[in-house]
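Reproduced below: target_26.cif, with mmCIF, C-alpha atoms (C1' of nucleotides).
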```cif
data_model
#
loop_
_atom_site.group_PDB
_atom_site.id
_atom_site.type_symbol
_atom_site.label_atom_id
_atom_site.label_comp_id
_atom_site.auth_asym_id
_atom_site.auth_seq_id
_atom_site.Cartn_x
_atom_site.Cartn_y
_atom_site.Cartn_z
ATOM 1 C CA MET A 295 -89.709 -172.346 39.572
ATOM 2 C CA SER A 296 -86.095 -172.327 40.660
ATOM 3 C CA LEU A 297 -82.753 -171.578 39.095
ATOM 4 C CA THR A 298 -81.878 -175.244 39.508
ATOM 5 C CA HIS A 299 -84.889 -176.245 37.434
ATOM 6 C CA ILE A 300 -83.867 -173.773 34.771
ATOM 7 C CA GLN A 301 -80.322 -175.143 34.658
ATOM 8 C CA SER A 302 -81.726 -178.645 34.422
ATOM 9 C CA PHE A 303 -83.979 -177.647 31.572
ATOM 10 C CA ILE A 304 -81.113 -176.131 29.609
ATOM 11 C CA ALA A 305 -78.977 -179.228 30.056
ATOM 12 C CA VAL A 306 -81.748 -181.552 28.870
ATOM 13 C CA ALA A 307 -82.546 -179.270 25.960
ATOM 14 C CA GLU A 308 -78.917 -179.238 24.861
ATOM 15 C CA GLU A 309 -78.301 -182.946 25.340
ATOM 16 C CA GLY A 310 -81.688 -184.096 24.118
ATOM 17 C CA HIS A 311 -81.352 -186.857 26.652
ATOM 18 C CA VAL A 312 -82.082 -187.014 30.365
ATOM 19 C CA GLY A 313 -79.339 -189.550 31.051
ATOM 20 C CA ARG A 314 -76.540 -187.538 29.485
ATOM 21 C CA ALA A 315 -77.813 -184.307 30.998
ATOM 22 C CA ALA A 316 -77.893 -185.995 34.404
ATOM 23 C CA ARG A 317 -74.254 -187.053 34.101
ATOM 24 C CA ARG A 318 -73.322 -183.565 33.013
ATOM 25 C CA LEU A 319 -75.076 -182.123 36.057
ATOM 26 C CA HIS A 320 -73.724 -184.783 38.442
ATOM 27 C CA LEU A 321 -77.248 -185.837 39.242
ATOM 28 C CA SER A 322 -79.285 -188.995 38.702
ATOM 29 C CA GLN A 323 -82.059 -189.237 36.154
ATOM 30 C CA PRO A 324 -85.112 -189.298 38.422
ATOM 31 C CA PRO A 325 -84.630 -185.911 40.076
ATOM 32 C CA LEU A 326 -83.699 -184.411 36.740
ATOM 33 C CA SER A 327 -86.802 -185.851 35.143
ATOM 34 C CA ARG A 328 -88.827 -184.447 38.008
ATOM 35 C CA HIS A 329 -87.352 -181.008 37.452
ATOM 36 C CA ILE A 330 -88.622 -181.033 33.900
ATOM 37 C CA LEU A 331 -92.036 -182.361 34.894
ATOM 38 C CA ALA A 332 -92.318 -179.679 37.569
ATOM 39 C CA LEU A 333 -91.496 -176.978 35.045
ATOM 40 C CA GLU A 334 -94.021 -178.308 32.571
ATOM 41 C CA ASP A 335 -96.606 -178.478 35.308
ATOM 42 C CA GLU A 336 -95.906 -174.938 36.417
ATOM 43 C CA LEU A 337 -95.944 -173.598 32.868
ATOM 44 C CA GLY A 338 -99.078 -175.524 32.048
ATOM 45 C CA THR A 339 -97.689 -176.966 28.851
ATOM 46 C CA PRO A 340 -95.246 -179.692 27.762
ATOM 47 C CA LEU A 341 -91.797 -178.499 26.758
ATOM 48 C CA PHE A 342 -90.458 -181.708 25.227
ATOM 49 C CA GLU A 343 -91.638 -184.456 22.995
ATOM 50 C CA ARG A 344 -90.656 -187.817 24.505
ATOM 51 C CA THR A 345 -89.233 -190.196 21.959
ATOM 52 C CA SER A 346 -87.711 -193.579 22.536
ATOM 53 C CA ARG A 347 -84.287 -192.082 21.872
ATOM 54 C CA GLY A 348 -84.585 -189.096 24.210
ATOM 55 C CA MET A 349 -86.371 -185.794 24.364
ATOM 56 C CA ARG A 350 -86.828 -183.207 21.646
ATOM 57 C CA LEU A 351 -87.892 -179.625 22.230
ATOM 58 C CA LEU A 352 -91.404 -178.582 21.333
ATOM 59 C CA PRO A 353 -92.078 -175.014 20.175
ATOM 60 C CA ALA A 354 -92.945 -173.983 23.733
ATOM 61 C CA GLY A 355 -89.626 -175.508 24.816
ATOM 62 C CA GLU A 356 -87.682 -173.592 22.169
ATOM 63 C CA THR A 357 -89.268 -170.419 23.418
ATOM 64 C CA PHE A 358 -88.525 -171.198 27.019
ATOM 65 C CA LEU A 359 -84.921 -172.042 26.177
ATOM 66 C CA LEU A 360 -84.303 -168.503 24.966
ATOM 67 C CA HIS A 361 -85.711 -167.056 28.170
ATOM 68 C CA ALA A 362 -83.922 -169.597 30.351
ATOM 69 C CA ARG A 363 -80.542 -168.649 28.942
ATOM 70 C CA ARG A 364 -81.291 -164.993 29.392
ATOM 71 C CA ILE A 365 -82.269 -165.540 33.034
ATOM 72 C CA LEU A 366 -79.057 -167.360 33.885
ATOM 73 C CA ALA A 367 -76.992 -164.778 32.014
ATOM 74 C CA GLU A 368 -78.718 -162.050 33.975
ATOM 75 C CA VAL A 369 -77.946 -163.800 37.243
ATOM 76 C CA ASP A 370 -74.319 -164.108 36.227
ATOM 77 C CA ALA A 371 -74.156 -160.455 35.334
ATOM 78 C CA ALA A 372 -75.684 -159.534 38.675
ATOM 79 C CA VAL A 373 -73.065 -161.493 40.590
ATOM 80 C CA HIS A 374 -70.129 -160.110 38.675
ATOM 81 C CA THR A 375 -71.339 -156.531 38.692
ATOM 82 C CA VAL A 376 -72.060 -156.518 42.409
ATOM 83 C CA ARG A 377 -68.726 -158.116 43.216
ATOM 84 C CA LYS A 378 -67.044 -155.311 41.330
ATOM 85 C CA VAL A 379 -69.045 -152.578 43.059
ATOM 86 C CA GLY A 380 -68.573 -154.219 46.439
ATOM 87 C CA THR A 381 -64.808 -154.536 46.262
ATOM 88 C CA GLY A 382 -64.246 -151.345 44.288
ATOM 89 C CA PRO A 383 -64.997 -148.394 46.601
ATOM 90 C CA VAL A 384 -63.033 -148.047 49.763
ATOM 91 C CA GLU A 385 -64.262 -151.224 51.490
ATOM 92 C CA GLN A 386 -63.273 -150.261 54.988
ATOM 93 C CA MET B 291 -78.436 -168.026 45.004
ATOM 94 C CA SER B 292 -82.101 -168.716 44.514
ATOM 95 C CA LEU B 293 -85.112 -166.846 43.210
ATOM 96 C CA THR B 294 -86.494 -166.899 46.730
ATOM 97 C CA HIS B 295 -83.423 -165.094 48.025
ATOM 98 C CA ILE B 296 -83.787 -162.523 45.287
ATOM 99 C CA GLN B 297 -87.451 -161.930 46.135
ATOM 100 C CA SER B 298 -86.500 -161.596 49.788
ATOM 101 C CA PHE B 299 -83.824 -159.095 48.957
ATOM 102 C CA ILE B 300 -86.196 -156.940 46.932
ATOM 103 C CA ALA B 301 -88.774 -156.929 49.711
ATOM 104 C CA VAL B 302 -86.246 -155.877 52.335
ATOM 105 C CA ALA B 303 -84.787 -153.246 50.024
ATOM 106 C CA GLU B 304 -88.229 -151.778 49.393
ATOM 107 C CA GLU B 305 -89.420 -151.909 52.994
ATOM 108 C CA GLY B 306 -86.101 -150.968 54.565
ATOM 109 C CA HIS B 307 -87.120 -153.230 57.396
ATOM 110 C CA VAL B 308 -86.847 -156.979 57.867
ATOM 111 C CA GLY B 309 -89.959 -157.178 60.021
ATOM 112 C CA ARG B 310 -92.275 -155.501 57.530
ATOM 113 C CA ALA B 311 -90.729 -157.382 54.617
ATOM 114 C CA ALA B 312 -91.286 -160.631 56.489
ATOM 115 C CA ARG B 313 -94.969 -159.895 56.980
ATOM 116 C CA ARG B 314 -95.281 -158.957 53.320
ATOM 117 C CA LEU B 315 -93.699 -162.272 52.339
ATOM 118 C CA HIS B 316 -95.684 -164.303 54.911
ATOM 119 C CA LEU B 317 -92.443 -165.411 56.492
ATOM 120 C CA SER B 318 -90.837 -164.866 59.885
ATOM 121 C CA GLN B 319 -87.846 -162.601 60.390
ATOM 122 C CA PRO B 320 -85.102 -165.168 61.031
ATOM 123 C CA PRO B 321 -85.312 -167.007 57.697
ATOM 124 C CA LEU B 322 -85.611 -163.704 55.891
ATOM 125 C CA SER B 323 -82.569 -162.338 57.669
ATOM 126 C CA ARG B 324 -80.707 -165.511 56.746
ATOM 127 C CA HIS B 325 -81.651 -165.048 53.098
ATOM 128 C CA ILE B 326 -79.982 -161.658 53.112
ATOM 129 C CA LEU B 327 -76.928 -162.921 54.966
ATOM 130 C CA ALA B 328 -76.593 -165.797 52.516
ATOM 131 C CA LEU B 329 -76.743 -163.403 49.574
ATOM 132 C CA GLU B 330 -74.141 -161.129 51.107
ATOM 133 C CA ASP B 331 -71.948 -164.103 51.794
ATOM 134 C CA GLU B 332 -72.292 -165.395 48.260
ATOM 135 C CA LEU B 333 -71.662 -161.993 46.719
ATOM 136 C CA GLY B 334 -68.723 -161.363 49.005
ATOM 137 C CA THR B 335 -69.924 -157.946 50.082
ATOM 138 C CA PRO B 336 -72.559 -156.405 52.362
ATOM 139 C CA LEU B 337 -75.681 -155.114 50.622
ATOM 140 C CA PHE B 338 -77.257 -153.219 53.518
ATOM 141 C CA GLU B 339 -76.196 -150.929 56.280
ATOM 142 C CA ARG B 340 -77.792 -152.085 59.554
ATOM 143 C CA THR B 341 -79.221 -149.244 61.566
ATOM 144 C CA SER B 342 -81.248 -149.411 64.732
ATOM 145 C CA ARG B 343 -84.332 -148.461 62.691
ATOM 146 C CA GLY B 344 -83.941 -151.002 59.913
ATOM 147 C CA MET B 345 -81.732 -151.619 56.923
ATOM 148 C CA ARG B 346 -80.593 -149.161 54.269
ATOM 149 C CA LEU B 347 -79.135 -150.116 50.914
ATOM 150 C CA LEU B 348 -75.425 -149.705 50.352
ATOM 151 C CA PRO B 349 -74.153 -148.889 46.857
ATOM 152 C CA ALA B 350 -73.570 -152.581 46.164
ATOM 153 C CA GLY B 351 -77.158 -153.173 47.264
ATOM 154 C CA GLU B 352 -78.504 -150.487 44.935
ATOM 155 C CA THR B 353 -76.663 -152.129 42.088
ATOM 156 C CA PHE B 354 -77.941 -155.559 42.973
ATOM 157 C CA LEU B 355 -81.492 -154.255 43.245
ATOM 158 C CA LEU B 356 -81.483 -153.236 39.594
ATOM 159 C CA HIS B 357 -80.310 -156.674 38.539
ATOM 160 C CA ALA B 358 -82.674 -158.439 40.931
ATOM 161 C CA ARG B 359 -85.698 -156.720 39.442
ATOM 162 C CA ARG B 360 -84.539 -157.518 35.943
ATOM 163 C CA ILE B 361 -84.123 -161.193 36.831
ATOM 164 C CA LEU B 362 -87.632 -161.519 38.262
ATOM 165 C CA ALA B 363 -89.080 -159.584 35.336
ATOM 166 C CA GLU B 364 -87.310 -161.955 32.973
ATOM 167 C CA VAL B 365 -88.729 -164.941 34.814
ATOM 168 C CA ASP B 366 -92.193 -163.463 34.591
ATOM 169 C CA ALA B 367 -91.792 -162.807 30.891
ATOM 170 C CA ALA B 368 -90.638 -166.393 30.393
ATOM 171 C CA VAL B 369 -93.704 -167.786 32.136
ATOM 172 C CA HIS B 370 -96.169 -165.623 30.254
ATOM 173 C CA THR B 371 -94.556 -166.061 26.867
ATOM 174 C CA VAL B 372 -94.350 -169.821 27.184
ATOM 175 C CA ARG B 373 -97.927 -170.069 28.397
ATOM 176 C CA LYS B 374 -98.989 -168.205 25.283
ATOM 177 C CA VAL B 375 -96.958 -170.370 22.934
ATOM 178 C CA GLY B 376 -98.073 -173.519 24.707
ATOM 179 C CA THR B 377 -101.775 -172.832 24.536
ATOM 180 C CA GLY B 378 -101.673 -171.030 21.190
ATOM 181 C CA PRO B 379 -100.944 -173.606 18.454
ATOM 182 C CA VAL B 380 -103.282 -176.480 17.976
ATOM 183 C CA GLU B 381 -102.692 -178.135 21.356
ATOM 184 C CA GLN B 382 -103.962 -181.537 20.353
ATOM 185 C "C1'" DA C 280 -85.061 -149.902 78.043
ATOM 186 C "C1'" DG C 281 -87.078 -150.413 73.329
ATOM 187 C "C1'" DG C 282 -86.901 -151.884 68.900
ATOM 188 C "C1'" DA C 283 -84.315 -153.985 65.691
ATOM 189 C "C1'" DT C 284 -81.371 -157.884 63.796
ATOM 190 C "C1'" DT C 285 -79.161 -162.078 64.469
ATOM 191 C "C1'" DT C 286 -77.956 -166.785 66.614
ATOM 192 C "C1'" DA C 287 -79.545 -171.414 68.854
ATOM 193 C "C1'" DC C 288 -82.029 -175.230 68.346
ATOM 194 C "C1'" DG C 289 -85.477 -178.693 67.443
ATOM 195 C "C1'" DT C 290 -88.777 -180.372 63.934
ATOM 196 C "C1'" DG C 291 -91.147 -181.231 59.409
ATOM 197 C "C1'" DG C 292 -91.175 -181.132 54.385
ATOM 198 C "C1'" DG C 293 -88.751 -181.634 50.297
ATOM 199 C "C1'" DC C 294 -85.201 -183.471 47.345
ATOM 200 C "C1'" DC C 295 -82.007 -186.900 46.335
ATOM 201 C "C1'" DG C 296 -80.697 -191.714 45.138
ATOM 202 C "C1'" DT C 297 -81.764 -196.808 44.553
ATOM 203 C "C1'" DA C 298 -84.850 -199.819 42.825
ATOM 204 C "C1'" DA C 299 -88.925 -201.063 40.349
ATOM 205 C "C1'" DT C 300 -92.169 -199.973 36.634
ATOM 206 C "C1'" DT C 301 -93.834 -198.440 32.247
ATOM 207 C "C1'" DA C 302 -93.459 -197.269 27.532
ATOM 208 C "C1'" DT C 303 -91.612 -197.557 22.788
ATOM 209 C "C1'" DG C 304 -89.010 -199.126 18.716
ATOM 210 C "C1'" DC D 252 -85.531 -207.152 24.303
ATOM 211 C "C1'" DA D 253 -82.987 -203.000 24.914
ATOM 212 C "C1'" DT D 254 -83.075 -198.292 26.022
ATOM 213 C "C1'" DA D 255 -85.241 -194.420 27.792
ATOM 214 C "C1'" DA D 256 -88.317 -192.068 30.930
ATOM 215 C "C1'" DT D 257 -91.113 -192.148 34.929
ATOM 216 C "C1'" DT D 258 -93.030 -193.620 39.544
ATOM 217 C "C1'" DA D 259 -92.330 -195.703 44.455
ATOM 218 C "C1'" DC D 260 -90.174 -195.305 48.440
ATOM 219 C "C1'" DG D 261 -86.859 -194.590 52.248
ATOM 220 C "C1'" DG D 262 -83.561 -191.387 54.362
ATOM 221 C "C1'" DC D 263 -81.101 -187.229 54.995
ATOM 222 C "C1'" DC D 264 -80.528 -182.443 54.841
ATOM 223 C "C1'" DC D 265 -82.111 -177.847 54.710
ATOM 224 C "C1'" DA D 266 -85.155 -174.244 55.913
ATOM 225 C "C1'" DC D 267 -88.667 -172.864 58.747
ATOM 226 C "C1'" DG D 268 -90.495 -171.148 63.329
ATOM 227 C "C1'" DT D 269 -90.095 -170.329 68.412
ATOM 228 C "C1'" DA D 270 -87.290 -168.666 71.679
ATOM 229 C "C1'" DA D 271 -83.110 -166.564 73.352
ATOM 230 C "C1'" DA D 272 -79.338 -163.381 72.729
ATOM 231 C "C1'" DT D 273 -77.083 -159.283 70.972
ATOM 232 C "C1'" DC D 274 -76.585 -154.648 69.474
ATOM 233 C "C1'" DC D 275 -77.357 -149.791 69.049
ATOM 234 C "C1'" DT D 276 -79.576 -145.281 70.167
#
```
Go ahead and express the file in the form of structure tokens.
Amino acid sequence: MSLTHIQSFIAVAEEGHVGRAARRLHLSQPPLSRHILALEDELGTPLFERTSRGMRLLPAGETFLLHARRILAEVDAAVHTVRKVGTGPVEQ
Amino acid sequence: MSLTHIQSFIAVAEEGHVGRAARRLHLSQPPLSRHILALEDELGTPLFERTSRGMRLLPAGETFLLHARRILAEVDAAVHTVRKVGTGPVEQ
DNA sequence: AGGATTTACGTGGGCCGTAATTATG
DNA sequence: CATAATTACGGCCCACGTAAATCCT
């Protein structure tokens, strides 16, 4: 599992489409598709239903989406908070 | 930033010592040291004070440690929750 | 001088992108 | 047959490990 995989998952979940998500991430489809497959493999369950028009979230995917967003938000918070603490006190 | 870097940071913070943390992570010192340096670079502030006996957390490091643990806990929760959802319902 | 971190440097594995393949309506 | 996802495959980059250097007490 990696933060990149999580970002990829969120993009595909929101676009419902690997191609569009890939453009949004400035990435080509194959690696993006592999990110999703790797996640599904690691989690031991499919996250999307593959249709001929794209990908739709399964229940497990909906659940993971909530967690995924929380993880990235937490990372963001960490960065911003630490930057503030780091540059706040005297900083010799 | 990567989950690996975060794990590395936590290990060094808890051991107060790159060498011991490296053994605990089954990794050699140089990459581990680079993980910390990369984090500090990305966050724009030092996280540890380097002493001749190891490394001690600075205030920014203490702050980051709280967030780091929350991030990994969130990842863990995501994995376990999704595994449950995935294997729960009918699973045709 | 001893114990620690950090830099140099060469190598191997992993990830990307192009191209080909498969699947589905 | 068109559109979407996936697999094959070649190449580059990044991260590791060994070894050397640096720093501090």
Taking the file as shown, what set of residues would the PyMOL selection byres ((chain A) within 10 of (chain B)) give back, as a PyMOL selection string? chain A and resi 295-298+333+336-341+352-362+364-383+385
Could you give me, as a tab-separated table, a per-residue list for chain A showing, wherever an atom lies at most 9 Å from an atom of chain C, the closest pair of atoms and their distance in Å to one decimal, using all atoms listed in the file and sorting by chain then residue number from low to high?
```
residue	atom	partner	partner_atom	distance
A:Leu321	CA	C:DC295	C1'	8.6
A:Ser322	CA	C:DG296	C1'	7.1
A:Pro324	CA	C:DG296	C1'	8.4
A:Pro325	CA	C:DC295	C1'	6.9
A:Thr345	CA	C:DT303	C1'	7.8
A:Ser346	CA	C:DT303	C1'	5.6
```
Same residues, C-alpha atoms, saved as a PDB file, in the frame of the given file:
```
ATOM      1  CA  LEU A 321     -77.248-185.837  39.242  1.00  0.00           C
ATOM      2  CA  SER A 322     -79.285-188.995  38.702  1.00  0.00           C
ATOM      3  CA  PRO A 324     -85.112-189.298  38.422  1.00  0.00           C
ATOM      4  CA  PRO A 325     -84.630-185.911  40.076  1.00  0.00           C
ATOM      5  CA  THR A 345     -89.233-190.196  21.959  1.00  0.00           C
ATOM      6  CA  SER A 346     -87.711-193.579  22.536  1.00  0.00           C
TER       7      SER A 346
END
```
Quick check: residues of chain D within 9 Å of chain A, only C-alpha atoms (C1' of nucleotides), returned as a list in words.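 Taken together, these residues fit the definition: DT254, DA255, DA256 and DT257 of chain D.
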Would you compute the box with edges along x, y and z of the file around range 293-304 of chain C, including every atom the file lists for it and 5 Å extra on each side, and give its centre and edge lengths in Å to one decimal, as lines of an AutoDock Vina configuration file?
```
center_x = -87.3
center_y = -191.3
center_z = 34.5
size_x = 23.1
size_y = 29.4
size_z = 41.6
```
Hey, can you check how far CA of Ala307 in chain A sits from CA of Glu334 in chain A?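 These two atoms are separated by 13.3 Å.
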